[in-house]
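Participant: Below is a structure I'd like to ask you about.
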Amino acid sequence: MKGHKKRLDSFSPDRSWNLFLDRDGVVNRKLPGDYVKDWEHFEFLPGSLEAIRIFSGFFRKIFIVTNQQGIGKGLMTAEQLEALHRQMLTVIHDQGGRIDQIYYCPDLEDSGSLYRKPNIGMALAARKDHPGIRFRESVMAGDSISDMIFGKKTGMQTILISTDRLPALKHASLIDLTFPDLLHFARFLMTK
Ligand SMILES: [Mg+2]
């Protein structure tokens with residue numbers, strides 16, 4: 001846990017900060033080799049709803065930024081994804097949480113899309129839609145290195161959600177802190 005401890009002091013968000021959240025593998029369970037195309041296949045990860053409730057009392061704005069190339073591949077439609085998101089938000093609200101806006105990128109991985117993580121189009125869109133957002137006072141939490149690159153390109157603090165400590169060792173310069181799940185991160189914030 002040396003890397004973890006080393007960076008603790010530099011991680012100092014306060015209640016004026018904003019949170020950018022990846023979705024698959026962070027809020028909900030990933031489907032191996034498939035996309036979450038409908039509500040029946042959407043499963044909140046243990047503790048993620050409680051974590052979002054805690055975040056809602058801490059962060060100024062909370063955004064989800066999610067790559068959804070299943071749309072670009074024709075495996076689901078934007079309407080289906082948006083319907084799924086409405087159902088997800090209903091549950092989050094019922095559990096006392098809040099997401100201020102969801103950004104998704106439908107583009108294919110090889111499209112070169114500036115909107116697709118690790119490119120920063122979704123962060124720029126959030127800043128345009130919500131004036132006053134400062135990336136230096138924002139946190140990106142995700143389960144992939146592309147999320148960490150997205151965060152670092154914009155100057156955010158980065159949280160890797162992973163039970164695997166290898167990425168944190170291999171990509172130390174991209175990752176400020178690692179937690180096994182969102183709830184561990186939320187509980188850590190409560191100590192701040
Ligand atoms: Mg993910």
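Each chain in the structure tokens gets a letter, A, B, ..., in the order shown, and its residues are numbered from 1; ligands are numbered from 1 in order too.
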Within 12 Å of Glu40 in chain A, counting only C-alpha atoms, which residues qualify if same-chain residues fewer than 6 places away don't, as a PyMOL selection string?

Facilitator: chain A and resi 31+83-84+87-88

Participant: What are the DSSP helix (DSSP H, G or I) residues of chain A, as an MDAnalysis selection string?

Facilitator: chainID A and resid 2:8 39:41 48:56 69:72 78:94 109:111 121:129 135:137 145:154 166:170 172:174 182:190

Participant: Could you list, as number ranges by chain, all residues that come within 8 Å of ligand 1? Count only C-alpha atoms and all ligand atoms.

Facilitator: A: 22-26, 30, 66, 142-144, 147

Participant: Write the residues of the preceding selection, restricted to N, CA and C atoms, as a CSV table (one decimal), in the first residue's frame.

Facilitator:
```csv
chain,number,residue,atom,x,y,z
A,22,ASP,N,-17.2,7.1,-14.1
A,22,ASP,CA,-17.5,6.1,-15.1
A,22,ASP,C,-18.7,5.3,-14.7
A,23,ARG,N,-19.3,4.6,-15.6
A,23,ARG,CA,-20.5,3.8,-15.3
A,23,ARG,C,-20.2,2.3,-15.1
A,24,ASP,N,-19.9,1.6,-16.3
A,24,ASP,CA,-19.7,0.2,-16.2
A,24,ASP,C,-18.5,-0.3,-15.4
A,25,GLY,N,-18.7,-1.1,-14.5
A,25,GLY,CA,-17.6,-1.6,-13.7
A,25,GLY,C,-17.4,-0.7,-12.5
A,26,VAL,N,-18.2,0.3,-12.3
A,26,VAL,CA,-18.0,1.3,-11.2
A,26,VAL,C,-19.4,1.5,-10.5
A,30,LYS,N,-20.3,-4.9,-15.0
A,30,LYS,CA,-20.0,-5.1,-16.4
A,30,LYS,C,-20.6,-6.5,-16.8
A,66,THR,N,-19.6,8.0,-19.9
A,66,THR,CA,-19.5,6.6,-20.2
A,66,THR,C,-19.4,6.4,-21.7
A,142,GLY,N,-12.9,5.8,-12.1
A,142,GLY,CA,-13.3,4.8,-13.1
A,142,GLY,C,-12.5,3.5,-12.9
A,143,ASP,N,-12.8,2.5,-13.7
A,143,ASP,CA,-12.2,1.2,-13.5
A,143,ASP,C,-11.2,0.9,-14.6
A,144,SER,N,-11.0,1.8,-15.5
A,144,SER,CA,-10.0,1.5,-16.6
A,144,SER,C,-8.9,2.6,-16.7
A,147,ASP,N,-10.0,5.7,-18.3
A,147,ASP,CA,-10.6,6.7,-17.4
A,147,ASP,C,-9.5,7.6,-16.7
```

Participant: Can you pull out the residues contacting Leu45 in chain A? Cut-off 7 Å, using only C-alpha atoms, and skip same-chain residues under 6 positions away; I want them as a list in words.

Facilitator: Val27, Asn28 and Arg29 of chain A

Participant: According to DSSP computed on the backbone, where in range 14-185 of chain A is there strand (DSSP E)? Give the residues as a count of residues only.

Facilitator: 29

Participant: Could you tell me how far CA of Ile133 in chain A lies from CA of Phe185 in chain A, in Å and to one decimal?

Facilitator: 21.5 Å
